[in-house]
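Data from my_file06.cif: mmCIF, N, CA and C atoms
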```cif
data_my_file
loop_
_atom_site.group_PDB
_atom_site.id
_atom_site.type_symbol
_atom_site.label_atom_id
_atom_site.label_comp_id
_atom_site.auth_asym_id
_atom_site.auth_seq_id
_atom_site.Cartn_x
_atom_site.Cartn_y
_atom_site.Cartn_z
ATOM 1 N N LYS A 1 0.830 -1.191 0.000
ATOM 2 C CA LYS A 1 0.000 0.000 0.000
ATOM 3 C C LYS A 1 0.870 1.247 0.000
ATOM 4 N N PHE A 2 1.936 1.223 0.793
ATOM 5 C CA PHE A 2 2.824 2.379 0.884
ATOM 6 C C PHE A 2 3.382 2.743 -0.478
ATOM 7 N N MET A 3 3.868 1.744 -1.200
ATOM 8 C CA MET A 3 4.465 2.012 -2.506
ATOM 9 C C MET A 3 3.433 2.585 -3.477
ATOM 10 N N ASN A 4 2.216 2.079 -3.442
ATOM 11 C CA ASN A 4 1.173 2.596 -4.328
ATOM 12 C C ASN A 4 0.743 3.997 -3.940
ATOM 13 N N LEU A 5 0.475 4.202 -2.664
ATOM 14 C CA LEU A 5 -0.090 5.470 -2.205
ATOM 15 C C LEU A 5 0.952 6.574 -2.066
ATOM 16 N N GLU A 6 2.101 6.248 -1.534
ATOM 17 C CA GLU A 6 3.103 7.270 -1.224
ATOM 18 C C GLU A 6 4.141 7.469 -2.332
ATOM 19 N N LYS A 7 4.420 6.442 -3.074
ATOM 20 C CA LYS A 7 5.485 6.510 -4.075
ATOM 21 C C LYS A 7 4.978 6.371 -5.500
ATOM 22 N N SER A 8 3.669 6.271 -5.659
ATOM 23 C CA SER A 8 3.053 6.122 -6.988
ATOM 24 C C SER A 8 3.681 4.981 -7.786
ATOM 25 N N ALA A 9 3.928 3.876 -7.109
ATOM 26 C CA ALA A 9 4.531 2.706 -7.752
ATOM 27 C C ALA A 9 3.603 2.161 -8.829
ATOM 28 N N ILE A 10 4.189 1.621 -9.852
ATOM 29 C CA ILE A 10 3.439 0.997 -10.938
ATOM 30 C C ILE A 10 3.707 -0.503 -10.873
ATOM 31 N N LEU A 11 2.648 -1.273 -10.874
ATOM 32 C CA LEU A 11 2.761 -2.719 -10.770
ATOM 33 C C LEU A 11 2.703 -3.350 -12.155
ATOM 34 N N PHE A 12 3.662 -4.220 -12.420
ATOM 35 C CA PHE A 12 3.654 -5.043 -13.622
ATOM 36 C C PHE A 12 3.791 -6.482 -13.163
ATOM 37 N N ARG A 13 2.830 -7.301 -13.538
ATOM 38 C CA ARG A 13 2.852 -8.693 -13.115
ATOM 39 C C ARG A 13 3.436 -9.575 -14.225
ATOM 40 N N TYR A 14 4.252 -10.516 -13.834
ATOM 41 C CA TYR A 14 4.827 -11.479 -14.777
ATOM 42 C C TYR A 14 3.715 -12.234 -15.500
ATOM 43 N N GLU A 15 2.644 -12.543 -14.779
ATOM 44 C CA GLU A 15 1.530 -13.281 -15.362
ATOM 45 C C GLU A 15 0.891 -12.521 -16.522
ATOM 46 N N ASP A 16 0.771 -11.197 -16.382
ATOM 47 C CA ASP A 16 0.217 -10.388 -17.466
ATOM 48 C C ASP A 16 1.128 -10.442 -18.691
ATOM 49 N N PHE A 17 2.405 -10.383 -18.431
ATOM 50 C CA PHE A 17 3.410 -10.457 -19.479
ATOM 51 C C PHE A 17 3.270 -11.780 -20.244
ATOM 52 N N CYS A 18 3.067 -12.861 -19.502
ATOM 53 C CA CYS A 18 2.922 -14.186 -20.124
ATOM 54 C C CYS A 18 1.641 -14.294 -20.926
ATOM 55 N N GLU A 19 0.562 -13.759 -20.387
ATOM 56 C CA GLU A 19 -0.734 -13.933 -21.029
ATOM 57 C C GLU A 19 -0.976 -12.979 -22.195
ATOM 58 N N ASN A 20 -0.356 -11.802 -22.146
ATOM 59 C CA ASN A 20 -0.586 -10.830 -23.212
ATOM 60 C C ASN A 20 0.658 -9.971 -23.382
ATOM 61 N N LEU A 21 1.650 -10.547 -23.994
ATOM 62 C CA LEU A 21 2.965 -9.928 -24.146
ATOM 63 C C LEU A 21 2.886 -8.539 -24.761
ATOM 64 N N GLU A 22 2.252 -8.426 -25.907
ATOM 65 C CA GLU A 22 2.269 -7.161 -26.637
ATOM 66 C C GLU A 22 1.606 -6.030 -25.845
ATOM 67 N N ASN A 23 0.421 -6.278 -25.313
ATOM 68 C CA ASN A 23 -0.264 -5.226 -24.556
ATOM 69 C C ASN A 23 0.471 -4.853 -23.273
ATOM 70 N N THR A 24 1.055 -5.841 -22.625
ATOM 71 C CA THR A 24 1.784 -5.563 -21.387
ATOM 72 C C THR A 24 3.030 -4.738 -21.664
ATOM 73 N N LEU A 25 3.776 -5.096 -22.700
ATOM 74 C CA LEU A 25 4.954 -4.304 -23.057
ATOM 75 C C LEU A 25 4.559 -2.885 -23.457
ATOM 76 N N GLU A 26 3.499 -2.767 -24.211
ATOM 77 C CA GLU A 26 3.009 -1.448 -24.612
ATOM 78 C C GLU A 26 2.675 -0.616 -23.374
ATOM 79 N N ASP A 27 2.009 -1.238 -22.411
ATOM 80 C CA ASP A 27 1.647 -0.553 -21.169
ATOM 81 C C ASP A 27 2.888 -0.152 -20.365
ATOM 82 N N ILE A 28 3.864 -1.034 -20.278
ATOM 83 C CA ILE A 28 5.103 -0.740 -19.540
ATOM 84 C C ILE A 28 5.808 0.467 -20.149
ATOM 85 N N PHE A 29 6.012 0.424 -21.441
ATOM 86 C CA PHE A 29 6.728 1.521 -22.094
ATOM 87 C C PHE A 29 5.936 2.826 -22.047
ATOM 88 N N TYR A 30 4.623 2.738 -22.168
ATOM 89 C CA TYR A 30 3.780 3.936 -22.094
ATOM 90 C C TYR A 30 3.896 4.578 -20.706
ATOM 91 N N LYS A 31 3.772 3.758 -19.656
ATOM 92 C CA LYS A 31 3.826 4.288 -18.289
ATOM 93 C C LYS A 31 5.208 4.817 -17.927
ATOM 94 N N MET A 32 6.232 4.295 -18.583
ATOM 95 C CA MET A 32 7.593 4.772 -18.331
ATOM 96 C C MET A 32 7.966 5.903 -19.285
ATOM 97 N N ASN A 33 7.045 6.243 -20.178
ATOM 98 C CA ASN A 33 7.251 7.315 -21.145
ATOM 99 C C ASN A 33 8.509 7.074 -21.992
ATOM 100 N N ILE A 34 8.587 5.864 -22.546
ATOM 101 C CA ILE A 34 9.737 5.464 -23.365
ATOM 102 C C ILE A 34 9.230 5.068 -24.748
ATOM 103 N N LYS A 35 9.923 5.516 -25.782
ATOM 104 C CA LYS A 35 9.611 5.052 -27.129
ATOM 105 C C LYS A 35 10.091 3.614 -27.246
ATOM 106 N N TYR A 36 9.361 2.824 -27.993
ATOM 107 C CA TYR A 36 9.672 1.405 -27.994
ATOM 108 C C TYR A 36 9.355 0.742 -29.331
ATOM 109 N N ASN A 37 9.970 -0.398 -29.505
ATOM 110 C CA ASN A 37 9.620 -1.375 -30.527
ATOM 111 C C ASN A 37 9.411 -2.674 -29.772
ATOM 112 N N ILE A 38 8.242 -3.240 -29.891
ATOM 113 C CA ILE A 38 7.950 -4.454 -29.139
ATOM 114 C C ILE A 38 8.714 -5.619 -29.763
ATOM 115 N N PRO A 39 9.565 -6.281 -28.952
ATOM 116 C CA PRO A 39 10.323 -7.423 -29.475
ATOM 117 C C PRO A 39 9.394 -8.625 -29.659
ATOM 118 N N SER A 40 9.799 -9.532 -30.509
ATOM 119 C CA SER A 40 9.023 -10.758 -30.703
ATOM 120 C C SER A 40 9.266 -11.682 -29.512
ATOM 121 N N LEU A 41 8.364 -12.620 -29.329
ATOM 122 C CA LEU A 41 8.524 -13.599 -28.260
ATOM 123 C C LEU A 41 9.795 -14.409 -28.463
ATOM 124 N N GLU A 42 10.144 -14.681 -29.721
ATOM 125 C CA GLU A 42 11.378 -15.421 -30.007
ATOM 126 C C GLU A 42 12.606 -14.634 -29.540
ATOM 127 N N MET A 43 12.581 -13.309 -29.771
ATOM 128 C CA MET A 43 13.713 -12.480 -29.326
ATOM 129 C C MET A 43 13.811 -12.488 -27.803
ATOM 130 N N ILE A 44 12.685 -12.376 -27.138
ATOM 131 C CA ILE A 44 12.687 -12.365 -25.674
ATOM 132 C C ILE A 44 13.156 -13.701 -25.130
ATOM 133 N N ASN A 45 12.653 -14.793 -25.691
ATOM 134 C CA ASN A 45 13.045 -16.123 -25.214
ATOM 135 C C ASN A 45 14.502 -16.449 -25.506
ATOM 136 N N SER A 46 15.133 -15.717 -26.411
ATOM 137 C CA SER A 46 16.541 -15.966 -26.707
ATOM 138 C C SER A 46 17.458 -15.401 -25.623
ATOM 139 N N ILE A 47 16.912 -14.574 -24.746
ATOM 140 C CA ILE A 47 17.710 -13.982 -23.668
ATOM 141 C C ILE A 47 17.832 -14.983 -22.529
ATOM 142 N N LYS A 48 19.032 -15.287 -22.168
ATOM 143 C CA LYS A 48 19.286 -16.245 -21.093
ATOM 144 C C LYS A 48 19.074 -15.554 -19.751
ATOM 145 N N VAL A 49 18.440 -16.270 -18.823
ATOM 146 C CA VAL A 49 18.226 -15.739 -17.480
ATOM 147 C C VAL A 49 18.901 -16.647 -16.467
ATOM 148 N N THR A 50 19.115 -16.103 -15.280
ATOM 149 C CA THR A 50 19.843 -16.841 -14.258
ATOM 150 C C THR A 50 18.978 -17.848 -13.524
ATOM 151 N N GLY A 51 17.692 -17.627 -13.493
ATOM 152 C CA GLY A 51 16.812 -18.481 -12.703
ATOM 153 C C GLY A 51 16.644 -17.976 -11.289
ATOM 154 N N LYS A 52 17.389 -16.944 -10.906
ATOM 155 C CA LYS A 52 17.283 -16.407 -9.551
ATOM 156 C C LYS A 52 15.951 -15.709 -9.319
ATOM 157 N N SER A 53 15.236 -15.395 -10.384
ATOM 158 C CA SER A 53 13.929 -14.767 -10.249
ATOM 159 C C SER A 53 12.862 -15.799 -9.909
ATOM 160 N N GLY A 54 13.207 -17.060 -9.950
ATOM 161 C CA GLY A 54 12.246 -18.123 -9.731
ATOM 162 C C GLY A 54 11.757 -18.735 -11.027
ATOM 163 N N ARG A 55 12.218 -18.201 -12.144
ATOM 164 C CA ARG A 55 11.818 -18.715 -13.457
ATOM 165 C C ARG A 55 12.616 -19.980 -13.740
ATOM 166 N N PHE A 56 11.913 -21.094 -13.945
ATOM 167 C CA PHE A 56 12.577 -22.368 -14.178
ATOM 168 C C PHE A 56 12.637 -22.734 -15.651
ATOM 169 N N SER A 57 11.768 -22.168 -16.441
ATOM 170 C CA SER A 57 11.676 -22.504 -17.851
ATOM 171 C C SER A 57 12.530 -21.559 -18.681
ATOM 172 N N LYS A 58 12.939 -22.009 -19.843
ATOM 173 C CA LYS A 58 13.644 -21.127 -20.770
ATOM 174 C C LYS A 58 12.665 -20.246 -21.530
ATOM 175 N N GLU A 59 11.381 -20.559 -21.440
ATOM 176 C CA GLU A 59 10.359 -19.806 -22.138
ATOM 177 C C GLU A 59 9.621 -18.889 -21.170
ATOM 178 N N ILE A 60 9.129 -17.777 -21.701
ATOM 179 C CA ILE A 60 8.283 -16.902 -20.913
ATOM 180 C C ILE A 60 6.862 -17.430 -21.063
ATOM 181 N N ARG A 61 6.367 -18.029 -20.018
ATOM 182 C CA ARG A 61 5.029 -18.601 -20.041
ATOM 183 C C ARG A 61 4.523 -18.694 -18.606
ATOM 184 N N LEU A 62 3.228 -18.764 -18.474
ATOM 185 C CA LEU A 62 2.622 -18.889 -17.158
ATOM 186 C C LEU A 62 2.690 -20.358 -16.751
ATOM 187 N N PRO A 63 3.499 -20.675 -15.756
ATOM 188 C CA PRO A 63 3.627 -22.078 -15.370
ATOM 189 C C PRO A 63 2.410 -22.520 -14.559
ATOM 190 N N PRO A 64 2.122 -23.809 -14.582
ATOM 191 C CA PRO A 64 1.030 -24.307 -13.744
ATOM 192 C C PRO A 64 1.429 -24.191 -12.272
ATOM 193 N N ARG A 65 0.442 -23.984 -11.423
ATOM 194 C CA ARG A 65 0.744 -23.947 -9.993
ATOM 195 C C ARG A 65 1.082 -25.356 -9.528
ATOM 196 N N ASN A 66 2.145 -25.461 -8.772
ATOM 197 C CA ASN A 66 2.590 -26.758 -8.282
ATOM 198 C C ASN A 66 2.272 -26.843 -6.797
ATOM 199 N N MET A 67 1.225 -27.572 -6.465
ATOM 200 C CA MET A 67 0.778 -27.682 -5.080
ATOM 201 C C MET A 67 1.792 -28.440 -4.213
ATOM 202 N N ASP A 68 2.707 -29.166 -4.832
ATOM 203 C CA ASP A 68 3.712 -29.907 -4.061
ATOM 204 C C ASP A 68 4.649 -28.967 -3.302
ATOM 205 N N PHE A 69 4.781 -27.719 -3.762
ATOM 206 C CA PHE A 69 5.675 -26.767 -3.114
ATOM 207 C C PHE A 69 5.023 -26.036 -1.945
ATOM 208 N N ILE A 70 3.716 -26.197 -1.779
ATOM 209 C CA ILE A 70 3.003 -25.473 -0.719
ATOM 210 C C ILE A 70 2.824 -26.395 0.474
ATOM 211 N N GLU A 71 3.477 -26.050 1.572
ATOM 212 C CA GLU A 71 3.414 -26.877 2.769
ATOM 213 C C GLU A 71 2.135 -26.587 3.545
ATOM 214 N N ASN A 72 1.703 -27.559 4.337
ATOM 215 C CA ASN A 72 0.467 -27.427 5.110
ATOM 216 C C ASN A 72 0.503 -26.236 6.067
ATOM 217 N N ASP A 73 1.658 -25.959 6.662
ATOM 218 C CA ASP A 73 1.770 -24.810 7.568
ATOM 219 C C ASP A 73 1.463 -23.510 6.833
ATOM 220 N N LEU A 74 1.950 -23.396 5.609
ATOM 221 C CA LEU A 74 1.695 -22.194 4.826
ATOM 222 C C LEU A 74 0.217 -22.087 4.455
ATOM 223 N N ILE A 75 -0.396 -23.197 4.127
ATOM 224 C CA ILE A 75 -1.833 -23.193 3.808
ATOM 225 C C ILE A 75 -2.634 -22.701 5.005
ATOM 226 N N GLU A 76 -2.291 -23.142 6.182
ATOM 227 C CA GLU A 76 -2.992 -22.689 7.393
ATOM 228 C C GLU A 76 -2.764 -21.194 7.637
ATOM 229 N N GLN A 77 -1.560 -20.724 7.393
ATOM 230 C CA GLN A 77 -1.277 -19.293 7.554
ATOM 231 C C GLN A 77 -2.091 -18.469 6.563
ATOM 232 N N ILE A 78 -2.209 -18.953 5.332
ATOM 233 C CA ILE A 78 -2.977 -18.258 4.305
ATOM 234 C C ILE A 78 -4.432 -18.114 4.736
ATOM 235 N N LYS A 79 -5.006 -19.188 5.255
ATOM 236 C CA LYS A 79 -6.410 -19.176 5.662
ATOM 237 C C LYS A 79 -6.690 -18.130 6.737
ATOM 238 N N ASN A 80 -5.702 -17.834 7.573
ATOM 239 C CA ASN A 80 -5.900 -16.943 8.726
ATOM 240 C C ASN A 80 -5.234 -15.581 8.579
ATOM 241 N N SER A 81 -4.734 -15.255 7.406
ATOM 242 C CA SER A 81 -3.975 -14.020 7.230
ATOM 243 C C SER A 81 -4.781 -12.959 6.492
ATOM 244 N N ASN A 82 -5.092 -11.877 7.188
ATOM 245 C CA ASN A 82 -5.724 -10.734 6.527
ATOM 246 C C ASN A 82 -4.767 -10.100 5.527
ATOM 247 N N ASN A 83 -3.487 -10.094 5.855
ATOM 248 C CA ASN A 83 -2.492 -9.476 4.978
ATOM 249 C C ASN A 83 -2.395 -10.196 3.636
ATOM 250 N N TYR A 84 -2.505 -11.507 3.652
ATOM 251 C CA TYR A 84 -2.460 -12.284 2.410
ATOM 252 C C TYR A 84 -3.594 -11.863 1.487
ATOM 253 N N PHE A 85 -4.796 -11.787 2.033
ATOM 254 C CA PHE A 85 -5.957 -11.419 1.220
ATOM 255 C C PHE A 85 -5.867 -9.970 0.751
ATOM 256 N N GLU A 86 -5.342 -9.092 1.582
ATOM 257 C CA GLU A 86 -5.158 -7.690 1.188
ATOM 258 C C GLU A 86 -4.134 -7.571 0.068
ATOM 259 N N LEU A 87 -3.045 -8.314 0.178
ATOM 260 C CA LEU A 87 -2.007 -8.309 -0.855
ATOM 261 C C LEU A 87 -2.568 -8.821 -2.180
ATOM 262 N N CYS A 88 -3.340 -9.901 -2.132
ATOM 263 C CA CYS A 88 -3.950 -10.434 -3.350
ATOM 264 C C CYS A 88 -4.887 -9.403 -3.971
ATOM 265 N N LYS A 89 -5.702 -8.779 -3.166
ATOM 266 C CA LYS A 89 -6.645 -7.773 -3.665
ATOM 267 C C LYS A 89 -5.897 -6.592 -4.281
ATOM 268 N N LEU A 90 -4.895 -6.112 -3.608
ATOM 269 C CA LEU A 90 -4.125 -4.961 -4.059
ATOM 270 C C LEU A 90 -3.446 -5.219 -5.405
ATOM 271 N N ASN A 91 -2.986 -6.441 -5.614
ATOM 272 C CA ASN A 91 -2.220 -6.768 -6.816
ATOM 273 C C ASN A 91 -3.005 -7.553 -7.858
ATOM 274 N N GLY A 92 -4.288 -7.775 -7.619
ATOM 275 C CA GLY A 92 -5.123 -8.456 -8.610
ATOM 276 C C GLY A 92 -4.867 -9.944 -8.722
ATOM 277 N N TYR A 93 -4.475 -10.573 -7.601
ATOM 278 C CA TYR A 93 -4.259 -12.014 -7.602
ATOM 279 C C TYR A 93 -5.445 -12.725 -6.965
ATOM 280 N N ASN A 94 -5.701 -13.931 -7.421
ATOM 281 C CA ASN A 94 -6.746 -14.766 -6.860
ATOM 282 C C ASN A 94 -6.230 -15.335 -5.539
ATOM 283 N N PRO A 95 -6.903 -15.070 -4.418
ATOM 284 C CA PRO A 95 -6.417 -15.593 -3.135
ATOM 285 C C PRO A 95 -6.552 -17.105 -3.003
ATOM 286 N N ASN A 96 -7.357 -17.729 -3.867
ATOM 287 C CA ASN A 96 -7.492 -19.182 -3.828
ATOM 288 C C ASN A 96 -6.328 -19.790 -4.609
ATOM 289 N N PHE A 97 -5.341 -20.267 -3.889
ATOM 290 C CA PHE A 97 -4.106 -20.765 -4.505
ATOM 291 C C PHE A 97 -4.324 -22.032 -5.324
ATOM 292 N N LYS A 98 -5.505 -22.642 -5.226
ATOM 293 C CA LYS A 98 -5.787 -23.853 -5.997
ATOM 294 C C LYS A 98 -6.329 -23.524 -7.388
ATOM 295 N N GLU A 99 -6.619 -22.253 -7.627
ATOM 296 C CA GLU A 99 -7.198 -21.817 -8.903
ATOM 297 C C GLU A 99 -6.194 -20.994 -9.688
ATOM 298 N N HIS A 100 -6.638 -20.494 -10.838
ATOM 299 C CA HIS A 100 -5.806 -19.608 -11.668
ATOM 300 C C HIS A 100 -5.350 -18.428 -10.824
ATOM 301 N N PRO A 101 -4.092 -18.012 -10.933
ATOM 302 C CA PRO A 101 -3.562 -16.964 -10.055
ATOM 303 C C PRO A 101 -4.140 -15.573 -10.252
ATOM 304 N N LEU A 102 -4.703 -15.286 -11.418
ATOM 305 C CA LEU A 102 -5.191 -13.930 -11.676
ATOM 306 C C LEU A 102 -6.696 -13.836 -11.531
ATOM 307 N N THR A 103 -7.144 -12.674 -11.079
ATOM 308 C CA THR A 103 -8.597 -12.460 -10.964
ATOM 309 C C THR A 103 -9.129 -11.871 -12.246
#
```
This entry written out as structure tokens:
Amino acid sequence: KFMNLEKSAILFRYEDFCENLENTLEDIFYKMNIKYNIPSLEMINSIKVTGKSGRFSKEIRLPPRNMDFIENDLIEQIKNSNNYFELCKLNGYNPNFKEHPLT
């Protein structure tokens, strides 16, 4: 909330980038007031990444949610956390981790 309200932060979600590359890039460059040429998906996928961002694939795509990585303790915390639901609402994420991540 602080970043949005006090610093006028702009949110760009990786999921939006995966689902609609061209419109998301257009929006990013527009909000940053930068002239641009939208690269092709092939050009973007040719860029090697470290994986430190959590990206496991060589392709830019929305990966399926892997429930094996979510421990029972975390599931219980999610059920009882007002902050989790507020964060999801603020960023347009579906709070139900068993469903599609975007609302």
Members of chain A assigned helix (DSSP H, G or I) by DSSP, as a PyMOL selection string
chain A and resi 2-7+14-19+21-31+41-45+67-69+72-79+82-91
Taking only residues of stretch 30-100 of chain A that have an atom at most 8 Å from an atom of stretch 3-20 of chain A, what is each one's shortest atom pair and its distance in Å to one decimal, using all atoms listed in the file, in chain and number order, as CSV?
```
residue,atom,partner,partner_atom,distance
A:Ile60,C,A:Cys18,CA,5.2
A:Arg61,CA,A:Cys18,CA,4.9
A:Leu62,N,A:Cys18,CA,4.9
A:Pro63,N,A:Glu15,CA,7.7
A:Asn91,CA,A:Leu11,CA,7.5
```
With all atoms listed in the file as the atoms that count, which of A:Phe2, A:Glu76, A:Ile44, A:Arg65 lies nearest to A:Phe97?
A:Arg65
For atom N of A:Asn23 and atom C of A:Ser40, quote the distance in Å rounded to one decimal.
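According to the coordinates, atom N of A:Asn23 and atom C of A:Ser40 are separated by 11.2 Å.
Here atom C of A:Tyr84 is placed at a distance of 19.1 Å from atom C of A:Pro64.
With atom CA of A:Asn72 on one side and atom CA of A:Asn94 on the other, the separation reads 18.9 Å.
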Looking at all atoms listed in the file, which of A:Met67, A:Ile38, A:Cys88, A:Met43 is the one that sits closest to A:Glu22?
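Nearest to A:Glu22: A:Ile38.
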Considering only C-alpha atoms, return as an mmCIF file with N, CA and C atoms, in the coordinates of the input whatever protein or nucleic-acid residues lie within 9 Å of A:Glu59, sequence-local ones (same chain, fewer than 4 positions apart) excluded.
```cif
data_model
loop_
_atom_site.group_PDB
_atom_site.id
_atom_site.type_symbol
_atom_site.label_atom_id
_atom_site.label_comp_id
_atom_site.auth_asym_id
_atom_site.auth_seq_id
_atom_site.Cartn_x
_atom_site.Cartn_y
_atom_site.Cartn_z
ATOM 1 N N LEU A 41 8.364 -12.620 -29.329
ATOM 2 C CA LEU A 41 8.524 -13.599 -28.260
ATOM 3 C C LEU A 41 9.795 -14.409 -28.463
ATOM 4 N N ILE A 44 12.685 -12.376 -27.138
ATOM 5 C CA ILE A 44 12.687 -12.365 -25.674
ATOM 6 C C ILE A 44 13.156 -13.701 -25.130
ATOM 7 N N ASN A 45 12.653 -14.793 -25.691
ATOM 8 C CA ASN A 45 13.045 -16.123 -25.214
ATOM 9 C C ASN A 45 14.502 -16.449 -25.506
ATOM 10 N N SER A 46 15.133 -15.717 -26.411
ATOM 11 C CA SER A 46 16.541 -15.966 -26.707
ATOM 12 C C SER A 46 17.458 -15.401 -25.623
ATOM 13 N N ARG A 55 12.218 -18.201 -12.144
ATOM 14 C CA ARG A 55 11.818 -18.715 -13.457
ATOM 15 C C ARG A 55 12.616 -19.980 -13.740
#
```
Generate the missing atoms of stretch 27-34 of chain A up to all heavy atoms and report them as a PDB file, keeping the file's coordinate frame.
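Resulting contents of result33.pdb:
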```pdb
ATOM      1  N   ASP A  27       2.009  -1.238 -22.411  1.00  0.00           N
ATOM      2  CA  ASP A  27       1.647  -0.553 -21.169  1.00  0.00           C
ATOM      3  C   ASP A  27       2.888  -0.152 -20.365  1.00  0.00           C
ATOM      4  O   ASP A  27       2.972   0.961 -19.841  1.00  0.00           O
ATOM      5  CB  ASP A  27       0.742  -1.469 -20.338  1.00  0.00           C
ATOM      6  CG  ASP A  27       0.142  -0.778 -19.140  1.00  0.00           C
ATOM      7  OD1 ASP A  27      -0.248   0.410 -19.258  1.00  0.00           O
ATOM      8  OD2 ASP A  27       0.033  -1.415 -18.081  1.00  0.00           O
ATOM      9  N   ILE A  28       3.864  -1.034 -20.278  1.00  0.00           N
ATOM     10  CA  ILE A  28       5.103  -0.740 -19.540  1.00  0.00           C
ATOM     11  C   ILE A  28       5.808   0.467 -20.149  1.00  0.00           C
ATOM     12  O   ILE A  28       6.146   1.423 -19.447  1.00  0.00           O
ATOM     13  CB  ILE A  28       6.055  -1.963 -19.538  1.00  0.00           C
ATOM     14  CG1 ILE A  28       5.489  -3.068 -18.649  1.00  0.00           C
ATOM     15  CG2 ILE A  28       7.461  -1.562 -19.082  1.00  0.00           C
ATOM     16  CD1 ILE A  28       6.226  -4.396 -18.771  1.00  0.00           C
ATOM     17  N   PHE A  29       6.012   0.424 -21.441  1.00  0.00           N
ATOM     18  CA  PHE A  29       6.728   1.521 -22.094  1.00  0.00           C
ATOM     19  C   PHE A  29       5.936   2.826 -22.047  1.00  0.00           C
ATOM     20  O   PHE A  29       6.506   3.901 -21.876  1.00  0.00           O
ATOM     21  CB  PHE A  29       7.091   1.154 -23.533  1.00  0.00           C
ATOM     22  CG  PHE A  29       8.141   0.084 -23.624  1.00  0.00           C
ATOM     23  CD1 PHE A  29       7.890  -1.107 -24.275  1.00  0.00           C
ATOM     24  CD2 PHE A  29       9.390   0.277 -23.057  1.00  0.00           C
ATOM     25  CE1 PHE A  29       8.860  -2.089 -24.363  1.00  0.00           C
ATOM     26  CE2 PHE A  29      10.370  -0.698 -23.140  1.00  0.00           C
ATOM     27  CZ  PHE A  29      10.105  -1.884 -23.785  1.00  0.00           C
ATOM     28  N   TYR A  30       4.623   2.738 -22.168  1.00  0.00           N
ATOM     29  CA  TYR A  30       3.780   3.936 -22.094  1.00  0.00           C
ATOM     30  C   TYR A  30       3.896   4.578 -20.706  1.00  0.00           C
ATOM     31  O   TYR A  30       4.108   5.789 -20.587  1.00  0.00           O
ATOM     32  CB  TYR A  30       2.321   3.583 -22.401  1.00  0.00           C
ATOM     33  CG  TYR A  30       1.380   4.738 -22.215  1.00  0.00           C
ATOM     34  CD1 TYR A  30       1.291   5.743 -23.178  1.00  0.00           C
ATOM     35  CD2 TYR A  30       0.595   4.840 -21.071  1.00  0.00           C
ATOM     36  CE1 TYR A  30       0.442   6.821 -23.004  1.00  0.00           C
ATOM     37  CE2 TYR A  30      -0.259   5.909 -20.890  1.00  0.00           C
ATOM     38  CZ  TYR A  30      -0.334   6.896 -21.852  1.00  0.00           C
ATOM     39  OH  TYR A  30      -1.170   7.962 -21.672  1.00  0.00           O
ATOM     40  N   LYS A  31       3.772   3.758 -19.656  1.00  0.00           N
ATOM     41  CA  LYS A  31       3.826   4.288 -18.289  1.00  0.00           C
ATOM     42  C   LYS A  31       5.208   4.817 -17.927  1.00  0.00           C
ATOM     43  O   LYS A  31       5.340   5.684 -17.076  1.00  0.00           O
ATOM     44  CB  LYS A  31       3.368   3.235 -17.289  1.00  0.00           C
ATOM     45  CG  LYS A  31       1.872   3.003 -17.373  1.00  0.00           C
ATOM     46  CD  LYS A  31       1.403   1.948 -16.417  1.00  0.00           C
ATOM     47  CE  LYS A  31      -0.109   1.796 -16.524  1.00  0.00           C
ATOM     48  NZ  LYS A  31      -0.619   0.693 -15.722  1.00  0.00           N
ATOM     49  N   MET A  32       6.232   4.295 -18.583  1.00  0.00           N
ATOM     50  CA  MET A  32       7.593   4.772 -18.331  1.00  0.00           C
ATOM     51  C   MET A  32       7.966   5.903 -19.285  1.00  0.00           C
ATOM     52  O   MET A  32       9.066   6.435 -19.208  1.00  0.00           O
ATOM     53  CB  MET A  32       8.579   3.608 -18.449  1.00  0.00           C
ATOM     54  CG  MET A  32       8.362   2.549 -17.390  1.00  0.00           C
ATOM     55  SD  MET A  32       9.476   1.147 -17.559  1.00  0.00           S
ATOM     56  CE  MET A  32      11.009   1.896 -17.078  1.00  0.00           C
ATOM     57  N   ASN A  33       7.045   6.243 -20.178  1.00  0.00           N
ATOM     58  CA  ASN A  33       7.251   7.315 -21.145  1.00  0.00           C
ATOM     59  C   ASN A  33       8.509   7.074 -21.992  1.00  0.00           C
ATOM     60  O   ASN A  33       9.369   7.944 -22.132  1.00  0.00           O
ATOM     61  CB  ASN A  33       7.313   8.678 -20.455  1.00  0.00           C
ATOM     62  CG  ASN A  33       7.117   9.815 -21.426  1.00  0.00           C
ATOM     63  OD1 ASN A  33       6.524   9.639 -22.487  1.00  0.00           O
ATOM     64  ND2 ASN A  33       7.625  10.977 -21.075  1.00  0.00           N
ATOM     65  N   ILE A  34       8.587   5.864 -22.546  1.00  0.00           N
ATOM     66  CA  ILE A  34       9.737   5.464 -23.365  1.00  0.00           C
ATOM     67  C   ILE A  34       9.230   5.068 -24.748  1.00  0.00           C
ATOM     68  O   ILE A  34       8.243   4.347 -24.868  1.00  0.00           O
ATOM     69  CB  ILE A  34      10.467   4.256 -22.726  1.00  0.00           C
ATOM     70  CG1 ILE A  34      11.036   4.635 -21.363  1.00  0.00           C
ATOM     71  CG2 ILE A  34      11.549   3.723 -23.642  1.00  0.00           C
ATOM     72  CD1 ILE A  34      11.623   3.460 -20.604  1.00  0.00           C
TER      73      ILE A  34
END
```
